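Listing of protein02.cif, mmCIF, N, CA, C and O atoms
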```
data_data
loop_
_atom_site.label_atom_id
_atom_site.label_comp_id
_atom_site.auth_asym_id
_atom_site.auth_seq_id
_atom_site.Cartn_x
_atom_site.Cartn_y
_atom_site.Cartn_z
N MET A 96 -19.77 -47.22 -9.56
CA MET A 96 -18.92 -46.30 -8.87
C MET A 96 -18.29 -47.02 -7.68
O MET A 96 -18.95 -47.75 -6.96
N ALA A 97 -17.01 -46.78 -7.45
CA ALA A 97 -16.30 -47.46 -6.38
C ALA A 97 -16.61 -46.80 -5.04
O ALA A 97 -16.78 -45.59 -4.96
N LYS A 98 -16.70 -47.62 -4.03
CA LYS A 98 -16.95 -47.10 -2.68
C LYS A 98 -15.64 -46.58 -2.10
O LYS A 98 -14.60 -47.21 -2.26
N THR A 99 -15.71 -45.46 -1.45
CA THR A 99 -14.53 -44.93 -0.78
C THR A 99 -14.80 -44.92 0.72
O THR A 99 -15.92 -44.74 1.16
N LYS A 100 -13.75 -45.14 1.46
CA LYS A 100 -13.89 -45.13 2.91
C LYS A 100 -13.26 -43.86 3.46
O LYS A 100 -12.16 -43.51 3.08
N GLY A 101 -13.98 -43.18 4.29
CA GLY A 101 -13.42 -41.99 4.94
C GLY A 101 -13.56 -40.74 4.09
O GLY A 101 -14.21 -40.72 3.05
N LEU A 102 -12.90 -39.74 4.55
CA LEU A 102 -12.93 -38.44 3.88
C LEU A 102 -11.89 -38.37 2.77
O LEU A 102 -10.95 -39.16 2.74
N ILE A 103 -12.06 -37.41 1.88
CA ILE A 103 -11.11 -37.24 0.79
C ILE A 103 -9.73 -36.84 1.32
O ILE A 103 -8.71 -37.18 0.74
N THR A 104 -9.72 -36.17 2.46
CA THR A 104 -8.44 -35.75 3.03
C THR A 104 -7.61 -36.93 3.52
O THR A 104 -6.40 -36.82 3.69
N HIS A 105 -8.25 -38.06 3.74
CA HIS A 105 -7.52 -39.26 4.18
C HIS A 105 -6.66 -39.84 3.07
O HIS A 105 -5.75 -40.62 3.33
N SER A 106 -6.94 -39.48 1.83
CA SER A 106 -6.18 -40.04 0.72
C SER A 106 -4.89 -39.26 0.41
O SER A 106 -4.10 -39.68 -0.41
N PHE A 107 -4.69 -38.14 1.11
CA PHE A 107 -3.49 -37.34 0.89
C PHE A 107 -2.53 -37.51 2.04
O PHE A 107 -2.92 -37.63 3.20
N LYS A 108 -1.26 -37.49 1.72
CA LYS A 108 -0.22 -37.62 2.71
C LYS A 108 -0.14 -36.34 3.55
O LYS A 108 -0.19 -35.24 3.03
N VAL A 109 0.01 -36.49 4.85
CA VAL A 109 0.14 -35.35 5.75
C VAL A 109 1.59 -34.91 5.77
O VAL A 109 2.49 -35.71 5.99
N VAL A 110 1.81 -33.64 5.50
CA VAL A 110 3.16 -33.09 5.48
C VAL A 110 3.26 -32.07 6.61
O VAL A 110 2.52 -31.10 6.65
N LYS A 111 4.17 -32.33 7.53
CA LYS A 111 4.38 -31.39 8.63
C LYS A 111 5.68 -30.67 8.39
O LYS A 111 6.71 -31.28 8.12
N ARG A 112 5.62 -29.37 8.49
CA ARG A 112 6.81 -28.56 8.28
C ARG A 112 7.39 -28.18 9.63
O ARG A 112 6.66 -27.89 10.57
N GLY A 113 8.69 -28.14 9.67
CA GLY A 113 9.37 -27.73 10.89
C GLY A 113 9.27 -26.24 11.09
O GLY A 113 9.06 -25.47 10.16
N LYS A 114 9.40 -25.82 12.33
CA LYS A 114 9.35 -24.40 12.62
C LYS A 114 10.64 -23.75 12.19
O LYS A 114 11.72 -24.31 12.35
N ARG A 115 10.51 -22.57 11.64
CA ARG A 115 11.70 -21.82 11.26
C ARG A 115 12.23 -21.11 12.50
O ARG A 115 11.49 -20.48 13.24
N SER A 116 13.50 -21.22 12.68
CA SER A 116 14.08 -20.51 13.82
C SER A 116 14.47 -19.10 13.40
O SER A 116 15.00 -18.88 12.33
N ARG A 117 14.15 -18.16 14.26
CA ARG A 117 14.48 -16.77 13.97
C ARG A 117 15.78 -16.43 14.66
O ARG A 117 16.12 -16.99 15.70
N SER A 118 16.50 -15.53 14.07
CA SER A 118 17.78 -15.15 14.65
C SER A 118 17.57 -14.43 15.98
O SER A 118 16.53 -13.85 16.24
N LYS A 119 18.58 -14.48 16.82
CA LYS A 119 18.50 -13.85 18.14
C LYS A 119 18.35 -12.33 17.99
O LYS A 119 17.62 -11.69 18.74
N LYS A 120 19.01 -11.77 16.98
CA LYS A 120 18.94 -10.33 16.76
C LYS A 120 17.50 -9.91 16.45
O LYS A 120 17.01 -8.92 16.99
N THR A 121 16.82 -10.66 15.60
CA THR A 121 15.43 -10.35 15.25
C THR A 121 14.53 -10.47 16.47
O THR A 121 13.66 -9.64 16.69
N LYS A 122 14.77 -11.50 17.28
CA LYS A 122 13.97 -11.68 18.49
C LYS A 122 14.17 -10.52 19.45
O LYS A 122 13.22 -10.03 20.07
N ASP A 123 15.42 -10.07 19.60
CA ASP A 123 15.71 -8.95 20.49
C ASP A 123 15.04 -7.67 19.99
O ASP A 123 14.49 -6.89 20.78
N GLN A 124 15.06 -7.45 18.69
CA GLN A 124 14.43 -6.25 18.12
C GLN A 124 12.93 -6.29 18.34
O GLN A 124 12.32 -5.28 18.70
N ASP A 125 12.32 -7.45 18.14
CA ASP A 125 10.88 -7.59 18.36
C ASP A 125 10.52 -7.36 19.82
O ASP A 125 9.51 -6.74 20.13
N ALA A 126 11.35 -7.86 20.71
CA ALA A 126 11.09 -7.67 22.14
C ALA A 126 11.16 -6.20 22.51
O ALA A 126 10.32 -5.71 23.29
N LYS A 127 12.12 -5.47 21.95
CA LYS A 127 12.24 -4.04 22.24
C LYS A 127 11.02 -3.28 21.72
O LYS A 127 10.51 -2.37 22.37
N LYS A 128 10.54 -3.65 20.53
CA LYS A 128 9.36 -2.98 19.97
C LYS A 128 8.14 -3.23 20.83
O LYS A 128 7.32 -2.34 21.06
N LYS A 129 8.02 -4.47 21.33
CA LYS A 129 6.88 -4.78 22.19
C LYS A 129 6.96 -4.02 23.50
O LYS A 129 5.94 -3.58 24.03
N GLU A 130 8.16 -3.88 24.04
CA GLU A 130 8.33 -3.14 25.29
C GLU A 130 7.93 -1.68 25.11
O GLU A 130 7.23 -1.11 25.94
N ASN A 131 8.40 -1.08 24.05
CA ASN A 131 8.11 0.33 23.80
C ASN A 131 6.69 0.56 23.31
O ASN A 131 6.14 1.64 23.46
N GLY A 132 6.12 -0.46 22.68
CA GLY A 132 4.80 -0.32 22.11
C GLY A 132 4.79 0.55 20.86
O GLY A 132 3.76 1.04 20.45
N LEU A 133 5.96 0.76 20.27
CA LEU A 133 6.08 1.62 19.10
C LEU A 133 6.49 0.82 17.88
O LEU A 133 7.27 -0.12 17.97
N VAL A 134 5.98 1.24 16.77
CA VAL A 134 6.41 0.68 15.49
C VAL A 134 6.88 1.85 14.65
O VAL A 134 6.16 2.83 14.48
N THR A 135 8.10 1.76 14.14
CA THR A 135 8.63 2.87 13.36
C THR A 135 8.11 2.79 11.92
O THR A 135 8.10 1.73 11.31
N VAL A 136 7.68 3.92 11.43
CA VAL A 136 7.19 4.02 10.06
C VAL A 136 7.96 5.15 9.40
O VAL A 136 8.07 6.25 9.94
N SER A 137 8.50 4.87 8.23
CA SER A 137 9.30 5.88 7.53
C SER A 137 8.40 6.97 6.95
O SER A 137 7.20 6.78 6.74
N GLN A 138 9.00 8.11 6.69
CA GLN A 138 8.26 9.23 6.10
C GLN A 138 7.76 8.85 4.71
O GLN A 138 6.67 9.26 4.29
N GLU A 139 8.55 8.06 4.00
CA GLU A 139 8.14 7.62 2.66
C GLU A 139 6.85 6.80 2.73
O GLU A 139 5.94 6.99 1.93
N GLU A 140 6.75 5.91 3.71
CA GLU A 140 5.54 5.11 3.87
C GLU A 140 4.35 5.98 4.21
O GLU A 140 3.24 5.77 3.72
N LEU A 141 4.57 6.98 5.06
CA LEU A 141 3.49 7.90 5.42
C LEU A 141 3.02 8.70 4.21
O LEU A 141 1.82 8.89 4.01
N ASP A 142 3.99 9.17 3.40
CA ASP A 142 3.64 9.93 2.20
C ASP A 142 2.85 9.08 1.21
O ASP A 142 1.85 9.52 0.64
N LEU A 143 3.30 7.85 0.99
CA LEU A 143 2.61 6.97 0.05
C LEU A 143 1.21 6.62 0.55
O LEU A 143 0.28 6.51 -0.25
N ASP A 144 1.06 6.48 1.85
CA ASP A 144 -0.26 6.20 2.40
C ASP A 144 -1.19 7.40 2.20
O ASP A 144 -2.37 7.24 1.85
N MET A 145 -0.66 8.61 2.39
CA MET A 145 -1.46 9.82 2.18
C MET A 145 -1.89 9.91 0.70
O MET A 145 -3.04 10.23 0.40
N LEU A 146 -0.96 9.61 -0.22
CA LEU A 146 -1.29 9.66 -1.65
C LEU A 146 -2.32 8.58 -2.01
O LEU A 146 -3.20 8.80 -2.84
N LYS A 147 -2.21 7.44 -1.38
CA LYS A 147 -3.17 6.36 -1.61
C LYS A 147 -4.56 6.82 -1.16
O LYS A 147 -5.55 6.58 -1.86
N GLN A 148 -4.64 7.47 0.00
CA GLN A 148 -5.92 7.97 0.48
C GLN A 148 -6.49 9.03 -0.47
O GLN A 148 -7.70 9.08 -0.70
N PHE A 149 -5.62 9.85 -1.05
CA PHE A 149 -6.05 10.83 -2.04
C PHE A 149 -6.64 10.13 -3.26
O PHE A 149 -7.67 10.53 -3.79
N ASP A 150 -5.98 9.05 -3.70
CA ASP A 150 -6.48 8.29 -4.85
C ASP A 150 -7.83 7.65 -4.56
O ASP A 150 -8.68 7.53 -5.44
N LEU A 151 -8.03 7.23 -3.33
CA LEU A 151 -9.27 6.52 -2.99
C LEU A 151 -10.42 7.46 -2.65
O LEU A 151 -11.56 7.02 -2.51
N THR A 152 -10.15 8.76 -2.55
CA THR A 152 -11.20 9.73 -2.24
C THR A 152 -11.85 10.20 -3.54
O THR A 152 -11.24 10.91 -4.33
N TRP A 153 -13.10 9.79 -3.74
CA TRP A 153 -13.80 10.13 -4.97
C TRP A 153 -14.30 11.57 -4.98
O TRP A 153 -14.80 12.05 -5.98
N GLU A 154 -14.15 12.24 -3.89
CA GLU A 154 -14.57 13.64 -3.78
C GLU A 154 -13.87 14.52 -4.82
O GLU A 154 -14.42 15.51 -5.27
N TYR A 155 -12.65 14.13 -5.20
CA TYR A 155 -11.85 14.94 -6.13
C TYR A 155 -11.95 14.44 -7.57
O TYR A 155 -11.20 14.86 -8.43
N GLY A 156 -12.88 13.56 -7.84
CA GLY A 156 -13.11 13.07 -9.19
C GLY A 156 -12.28 11.84 -9.52
O GLY A 156 -11.45 11.41 -8.72
N PRO A 157 -12.51 11.26 -10.68
CA PRO A 157 -11.79 10.05 -11.08
C PRO A 157 -10.30 10.31 -11.29
O PRO A 157 -9.90 11.42 -11.63
N CYS A 158 -9.50 9.27 -11.09
CA CYS A 158 -8.05 9.46 -11.22
C CYS A 158 -7.44 8.52 -12.26
O CYS A 158 -6.22 8.49 -12.40
N ILE A 159 -8.25 7.79 -12.97
CA ILE A 159 -7.73 6.87 -13.97
C ILE A 159 -7.38 7.64 -15.24
O ILE A 159 -8.16 8.43 -15.75
N GLY A 160 -6.18 7.42 -15.73
CA GLY A 160 -5.75 8.05 -16.98
C GLY A 160 -5.03 9.38 -16.80
O GLY A 160 -4.60 9.96 -17.79
N ILE A 161 -4.93 9.89 -15.58
CA ILE A 161 -4.21 11.15 -15.34
C ILE A 161 -3.29 10.97 -14.14
O ILE A 161 -3.45 10.06 -13.34
N THR A 162 -2.33 11.87 -14.03
CA THR A 162 -1.41 11.81 -12.90
C THR A 162 -2.07 12.42 -11.66
O THR A 162 -3.10 13.08 -11.76
N ARG A 163 -1.45 12.20 -10.53
CA ARG A 163 -1.97 12.78 -9.29
C ARG A 163 -1.95 14.30 -9.34
O ARG A 163 -2.87 14.96 -8.85
N LEU A 164 -0.91 14.85 -9.95
CA LEU A 164 -0.80 16.31 -10.05
C LEU A 164 -1.91 16.88 -10.94
O LEU A 164 -2.51 17.90 -10.61
N GLN A 165 -2.19 16.22 -12.05
CA GLN A 165 -3.27 16.66 -12.93
C GLN A 165 -4.61 16.58 -12.21
O GLN A 165 -5.45 17.48 -12.33
N ARG A 166 -4.82 15.53 -11.45
CA ARG A 166 -6.06 15.38 -10.69
C ARG A 166 -6.17 16.46 -9.62
O ARG A 166 -7.25 17.02 -9.40
N TRP A 167 -5.06 16.74 -8.97
CA TRP A 167 -5.06 17.78 -7.93
C TRP A 167 -5.43 19.14 -8.55
O TRP A 167 -6.25 19.87 -8.00
N GLU A 168 -4.80 19.46 -9.69
CA GLU A 168 -5.07 20.74 -10.37
C GLU A 168 -6.53 20.82 -10.82
O GLU A 168 -7.18 21.86 -10.68
N ARG A 169 -7.06 19.74 -11.36
CA ARG A 169 -8.45 19.73 -11.80
C ARG A 169 -9.40 19.95 -10.62
O ARG A 169 -10.34 20.73 -10.70
N ALA A 170 -9.11 19.30 -9.49
CA ALA A 170 -9.94 19.47 -8.30
C ALA A 170 -9.87 20.91 -7.79
O ALA A 170 -10.89 21.48 -7.38
N ARG A 171 -8.70 21.52 -7.86
CA ARG A 171 -8.55 22.91 -7.42
C ARG A 171 -9.35 23.84 -8.32
O ARG A 171 -10.03 24.74 -7.85
N LEU A 172 -9.27 23.61 -9.64
CA LEU A 172 -10.01 24.45 -10.59
C LEU A 172 -11.52 24.33 -10.40
O LEU A 172 -12.26 25.28 -10.65
N LEU A 173 -11.96 23.15 -9.96
CA LEU A 173 -13.39 22.94 -9.73
C LEU A 173 -13.83 23.39 -8.34
O LEU A 173 -15.00 23.24 -7.97
N GLY A 174 -12.88 23.92 -7.56
CA GLY A 174 -13.21 24.43 -6.24
C GLY A 174 -13.43 23.36 -5.19
O GLY A 174 -14.15 23.57 -4.22
N LEU A 175 -12.79 22.21 -5.36
CA LEU A 175 -13.00 21.09 -4.44
C LEU A 175 -12.02 21.09 -3.26
O LEU A 175 -12.11 20.22 -2.40
N ASP A 176 -11.10 22.02 -3.23
CA ASP A 176 -10.16 22.19 -2.13
C ASP A 176 -9.37 20.92 -1.79
O ASP A 176 -9.49 20.38 -0.69
N PRO A 177 -8.55 20.43 -2.73
CA PRO A 177 -7.73 19.24 -2.44
C PRO A 177 -6.61 19.58 -1.45
O PRO A 177 -6.21 20.75 -1.33
N PRO A 178 -6.09 18.60 -0.73
CA PRO A 178 -5.04 18.86 0.26
C PRO A 178 -3.75 19.37 -0.39
O PRO A 178 -3.26 18.80 -1.35
N VAL A 179 -3.22 20.46 0.14
CA VAL A 179 -2.00 21.06 -0.40
C VAL A 179 -0.81 20.12 -0.19
O VAL A 179 0.10 20.06 -1.01
N LYS A 180 -0.84 19.36 0.89
CA LYS A 180 0.26 18.43 1.19
C LYS A 180 0.44 17.39 0.07
O LYS A 180 1.55 16.97 -0.21
N VAL A 181 -0.65 17.03 -0.59
CA VAL A 181 -0.56 16.08 -1.72
C VAL A 181 0.26 16.70 -2.84
O VAL A 181 1.18 16.07 -3.37
N LYS A 182 -0.03 17.94 -3.18
CA LYS A 182 0.71 18.61 -4.26
C LYS A 182 2.17 18.76 -3.89
O LYS A 182 3.06 18.51 -4.71
N GLU A 183 2.44 19.17 -2.66
CA GLU A 183 3.82 19.35 -2.21
C GLU A 183 4.60 18.04 -2.27
O GLU A 183 5.75 18.01 -2.71
N THR A 184 3.97 16.95 -1.85
CA THR A 184 4.63 15.64 -1.87
C THR A 184 4.92 15.19 -3.28
O THR A 184 6.02 14.70 -3.57
N VAL A 185 3.96 15.36 -4.18
CA VAL A 185 4.17 14.95 -5.58
C VAL A 185 5.25 15.80 -6.23
O VAL A 185 6.11 15.27 -6.94
N LEU A 186 5.24 17.10 -5.99
CA LEU A 186 6.25 17.97 -6.59
C LEU A 186 7.65 17.70 -6.02
O LEU A 186 8.64 17.83 -6.74
N LYS A 187 7.71 17.30 -4.76
CA LYS A 187 9.00 17.01 -4.14
C LYS A 187 9.66 15.79 -4.78
O LYS A 187 10.87 15.74 -4.92
N ARG A 188 8.84 14.83 -5.22
CA ARG A 188 9.38 13.60 -5.83
C ARG A 188 8.79 13.42 -7.22
O ARG A 188 8.32 12.35 -7.58
N LYS A 189 8.86 14.46 -7.99
CA LYS A 189 8.26 14.52 -9.32
C LYS A 189 8.78 13.46 -10.29
O LYS A 189 8.06 12.99 -11.16
N GLU A 190 10.04 13.09 -10.14
CA GLU A 190 10.66 12.14 -11.08
C GLU A 190 10.30 10.68 -10.77
O GLU A 190 10.49 9.81 -11.60
N ASP A 191 9.79 10.40 -9.58
CA ASP A 191 9.48 9.04 -9.17
C ASP A 191 8.05 8.68 -9.60
O ASP A 191 7.09 9.29 -9.14
N PRO A 192 7.89 7.68 -10.48
CA PRO A 192 6.55 7.34 -10.96
C PRO A 192 5.61 6.82 -9.87
O PRO A 192 4.40 6.93 -10.00
N ILE A 193 6.15 6.29 -8.79
CA ILE A 193 5.31 5.81 -7.70
C ILE A 193 4.57 6.98 -7.06
O ILE A 193 3.42 6.86 -6.66
N TYR A 194 5.21 8.13 -7.00
CA TYR A 194 4.59 9.32 -6.41
C TYR A 194 3.74 10.07 -7.43
O TYR A 194 2.73 10.65 -7.07
N LEU A 195 4.16 10.07 -8.67
CA LEU A 195 3.47 10.86 -9.69
C LEU A 195 2.16 10.22 -10.16
O LEU A 195 1.16 10.90 -10.33
N ASN A 196 2.16 8.89 -10.32
CA ASN A 196 1.01 8.20 -10.88
C ASN A 196 0.09 7.66 -9.79
O ASN A 196 0.52 7.35 -8.69
N SER A 197 -1.17 7.50 -10.13
CA SER A 197 -2.15 7.01 -9.17
C SER A 197 -2.01 5.50 -8.97
O SER A 197 -1.23 4.83 -9.64
N LEU A 198 -2.81 4.97 -8.07
CA LEU A 198 -2.78 3.54 -7.77
C LEU A 198 -3.08 2.68 -9.00
O LEU A 198 -2.54 1.60 -9.16
N TRP A 199 -3.93 3.17 -9.88
CA TRP A 199 -4.40 2.39 -11.01
C TRP A 199 -3.65 2.71 -12.30
O TRP A 199 -4.14 2.41 -13.38
N TYR A 200 -2.47 3.26 -12.19
CA TYR A 200 -1.71 3.65 -13.38
C TYR A 200 -1.40 2.46 -14.28
O TYR A 200 -1.50 2.57 -15.49
N GLU A 201 -1.03 1.33 -13.70
CA GLU A 201 -0.60 0.18 -14.50
C GLU A 201 -1.76 -0.63 -15.07
O GLU A 201 -1.56 -1.53 -15.88
N TYR A 202 -2.98 -0.34 -14.65
CA TYR A 202 -4.13 -1.09 -15.15
C TYR A 202 -4.60 -0.48 -16.46
O TYR A 202 -4.64 0.74 -16.61
N PRO A 203 -4.96 -1.31 -17.43
CA PRO A 203 -5.43 -0.78 -18.72
C PRO A 203 -6.79 -0.10 -18.58
O PRO A 203 -7.59 -0.46 -17.74
N LEU A 204 -7.02 0.88 -19.45
CA LEU A 204 -8.30 1.60 -19.41
C LEU A 204 -9.42 0.80 -19.98
O LEU A 204 -9.51 0.05 -20.75
#
```
I need this file expressed as structure tokens, please.
Amino acid sequence: MAKTKGLITHSFKVVKRGKRSRSKKTKDQDAKKKENGLVTVSQEELDLDMLKQFDLTWEYGPCIGITRLQRWERARLLGLDPPVKVKETVLKRKEDPIYLNSLWYEYPL
């Protein structure tokens, strides 16, 4: 076996990347956000986060293989008192599969 000197990292070339410059507009927007201490979040993001929390709550039973609305109805029939806001949000955007289907919709059973 051949003797090697030093660490294995010494045999690789060091590549240094230059810093990316950000536009002045982006810097100004970031500075304003830091001053205000606020981060704007859209209603759509809030709704999707609420639906995600509904999917992750096992209190209402499994959600694989059924839509959020079907899961909500099943939980209601079993007396589990699911949040009404979940049903309203899903019905409001019934045609959008992101709202209708659970987090695990695309995963095979």
Write out as a PDB file with N, CA, C and O atoms, keeping the file's coordinate frame each polymer residue whose atoms come within 12 Å of Lys147 of chain A, counting only C-alpha atoms; drop sequence neighbours fewer than 2 positions from it.
```pdb
ATOM      1  N   GLU A 140       6.750   5.910   3.710  1.00  0.00           N
ATOM      2  CA  GLU A 140       5.540   5.110   3.870  1.00  0.00           C
ATOM      3  C   GLU A 140       4.350   5.980   4.210  1.00  0.00           C
ATOM      4  O   GLU A 140       3.240   5.770   3.720  1.00  0.00           O
ATOM      5  N   LEU A 141       4.570   6.980   5.060  1.00  0.00           N
ATOM      6  CA  LEU A 141       3.490   7.900   5.420  1.00  0.00           C
ATOM      7  C   LEU A 141       3.020   8.700   4.210  1.00  0.00           C
ATOM      8  O   LEU A 141       1.820   8.890   4.010  1.00  0.00           O
ATOM      9  N   ASP A 142       3.990   9.170   3.400  1.00  0.00           N
ATOM     10  CA  ASP A 142       3.640   9.930   2.200  1.00  0.00           C
ATOM     11  C   ASP A 142       2.850   9.080   1.210  1.00  0.00           C
ATOM     12  O   ASP A 142       1.850   9.520   0.640  1.00  0.00           O
ATOM     13  N   LEU A 143       3.300   7.850   0.990  1.00  0.00           N
ATOM     14  CA  LEU A 143       2.610   6.970   0.050  1.00  0.00           C
ATOM     15  C   LEU A 143       1.210   6.620   0.550  1.00  0.00           C
ATOM     16  O   LEU A 143       0.280   6.510  -0.250  1.00  0.00           O
ATOM     17  N   ASP A 144       1.060   6.480   1.850  1.00  0.00           N
ATOM     18  CA  ASP A 144      -0.260   6.200   2.400  1.00  0.00           C
ATOM     19  C   ASP A 144      -1.190   7.400   2.200  1.00  0.00           C
ATOM     20  O   ASP A 144      -2.370   7.240   1.850  1.00  0.00           O
ATOM     21  N   MET A 145      -0.660   8.610   2.390  1.00  0.00           N
ATOM     22  CA  MET A 145      -1.460   9.820   2.180  1.00  0.00           C
ATOM     23  C   MET A 145      -1.890   9.910   0.700  1.00  0.00           C
ATOM     24  O   MET A 145      -3.040  10.230   0.400  1.00  0.00           O
ATOM     25  N   PHE A 149      -5.620   9.850  -1.050  1.00  0.00           N
ATOM     26  CA  PHE A 149      -6.050  10.830  -2.040  1.00  0.00           C
ATOM     27  C   PHE A 149      -6.640  10.130  -3.260  1.00  0.00           C
ATOM     28  O   PHE A 149      -7.670  10.530  -3.790  1.00  0.00           O
ATOM     29  N   ASP A 150      -5.980   9.050  -3.700  1.00  0.00           N
ATOM     30  CA  ASP A 150      -6.480   8.290  -4.850  1.00  0.00           C
ATOM     31  C   ASP A 150      -7.830   7.650  -4.560  1.00  0.00           C
ATOM     32  O   ASP A 150      -8.680   7.530  -5.440  1.00  0.00           O
ATOM     33  N   LEU A 151      -8.030   7.230  -3.330  1.00  0.00           N
ATOM     34  CA  LEU A 151      -9.270   6.520  -2.990  1.00  0.00           C
ATOM     35  C   LEU A 151     -10.420   7.460  -2.650  1.00  0.00           C
ATOM     36  O   LEU A 151     -11.560   7.020  -2.510  1.00  0.00           O
ATOM     37  N   THR A 152     -10.150   8.760  -2.550  1.00  0.00           N
ATOM     38  CA  THR A 152     -11.200   9.730  -2.240  1.00  0.00           C
ATOM     39  C   THR A 152     -11.850  10.200  -3.540  1.00  0.00           C
ATOM     40  O   THR A 152     -11.240  10.910  -4.330  1.00  0.00           O
ATOM     41  N   TRP A 153     -13.100   9.790  -3.740  1.00  0.00           N
ATOM     42  CA  TRP A 153     -13.800  10.130  -4.970  1.00  0.00           C
ATOM     43  C   TRP A 153     -14.300  11.570  -4.980  1.00  0.00           C
ATOM     44  O   TRP A 153     -14.800  12.050  -5.980  1.00  0.00           O
ATOM     45  N   CYS A 158      -9.500   9.270 -11.090  1.00  0.00           N
ATOM     46  CA  CYS A 158      -8.050   9.460 -11.220  1.00  0.00           C
ATOM     47  C   CYS A 158      -7.440   8.520 -12.260  1.00  0.00           C
ATOM     48  O   CYS A 158      -6.220   8.490 -12.400  1.00  0.00           O
ATOM     49  N   ARG A 163      -1.450  12.200 -10.530  1.00  0.00           N
ATOM     50  CA  ARG A 163      -1.970  12.780  -9.290  1.00  0.00           C
ATOM     51  C   ARG A 163      -1.950  14.300  -9.340  1.00  0.00           C
ATOM     52  O   ARG A 163      -2.870  14.960  -8.850  1.00  0.00           O
ATOM     53  N   VAL A 181      -0.650  17.030  -0.590  1.00  0.00           N
ATOM     54  CA  VAL A 181      -0.560  16.080  -1.720  1.00  0.00           C
ATOM     55  C   VAL A 181       0.260  16.700  -2.840  1.00  0.00           C
ATOM     56  O   VAL A 181       1.180  16.070  -3.370  1.00  0.00           O
ATOM     57  N   VAL A 185       3.960  15.360  -4.180  1.00  0.00           N
ATOM     58  CA  VAL A 185       4.170  14.950  -5.580  1.00  0.00           C
ATOM     59  C   VAL A 185       5.250  15.800  -6.230  1.00  0.00           C
ATOM     60  O   VAL A 185       6.110  15.270  -6.940  1.00  0.00           O
ATOM     61  N   ILE A 193       6.150   6.290  -8.790  1.00  0.00           N
ATOM     62  CA  ILE A 193       5.310   5.810  -7.700  1.00  0.00           C
ATOM     63  C   ILE A 193       4.570   6.980  -7.060  1.00  0.00           C
ATOM     64  O   ILE A 193       3.420   6.860  -6.660  1.00  0.00           O
ATOM     65  N   TYR A 194       5.210   8.130  -7.000  1.00  0.00           N
ATOM     66  CA  TYR A 194       4.590   9.320  -6.410  1.00  0.00           C
ATOM     67  C   TYR A 194       3.740  10.070  -7.430  1.00  0.00           C
ATOM     68  O   TYR A 194       2.730  10.650  -7.070  1.00  0.00           O
ATOM     69  N   LEU A 195       4.160  10.070  -8.670  1.00  0.00           N
ATOM     70  CA  LEU A 195       3.470  10.860  -9.690  1.00  0.00           C
ATOM     71  C   LEU A 195       2.160  10.220 -10.160  1.00  0.00           C
ATOM     72  O   LEU A 195       1.160  10.900 -10.330  1.00  0.00           O
ATOM     73  N   ASN A 196       2.160   8.890 -10.320  1.00  0.00           N
ATOM     74  CA  ASN A 196       1.010   8.200 -10.880  1.00  0.00           C
ATOM     75  C   ASN A 196       0.090   7.660  -9.790  1.00  0.00           C
ATOM     76  O   ASN A 196       0.520   7.350  -8.690  1.00  0.00           O
ATOM     77  N   SER A 197      -1.170   7.500 -10.130  1.00  0.00           N
ATOM     78  CA  SER A 197      -2.150   7.010  -9.170  1.00  0.00           C
ATOM     79  C   SER A 197      -2.010   5.500  -8.970  1.00  0.00           C
ATOM     80  O   SER A 197      -1.230   4.830  -9.640  1.00  0.00           O
ATOM     81  N   LEU A 198      -2.810   4.970  -8.070  1.00  0.00           N
ATOM     82  CA  LEU A 198      -2.780   3.540  -7.770  1.00  0.00           C
ATOM     83  C   LEU A 198      -3.080   2.680  -9.000  1.00  0.00           C
ATOM     84  O   LEU A 198      -2.540   1.600  -9.160  1.00  0.00           O
ATOM     85  N   TRP A 199      -3.930   3.170  -9.880  1.00  0.00           N
ATOM     86  CA  TRP A 199      -4.400   2.390 -11.010  1.00  0.00           C
ATOM     87  C   TRP A 199      -3.650   2.710 -12.300  1.00  0.00           C
ATOM     88  O   TRP A 199      -4.140   2.410 -13.380  1.00  0.00           O
TER      89      TRP A 199
END
```
ask   = In Å, how far is it from atom C of Leu175 of chain A to atom C of Gly156 of chain A?
value =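 Going from atom C of Leu175 of chain A over to atom C of Gly156 of chain A, I get 11.2 Å.
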Box in all listed atoms of segment 132-148 of chain A, axis-aligned, with 3 Å more on each side; write out centre and edge lengths in Å to one decimal as JSON.
```
{"center_x": 0.8, "center_y": 4.9, "center_z": 9.9, "size_x": 23.0, "size_y": 16.7, "size_z": 31.5}
```
key: Interatomic distance (Å, one decimal) between atom C of Ile161 of chain A and atom C of Pro192 of chain A   = 10.7 Å
Atomic distance atom CA of Glu168 of chain A - atom CA of Gln138 of chain A, expressed in Å with one decimal = 24.1 Å
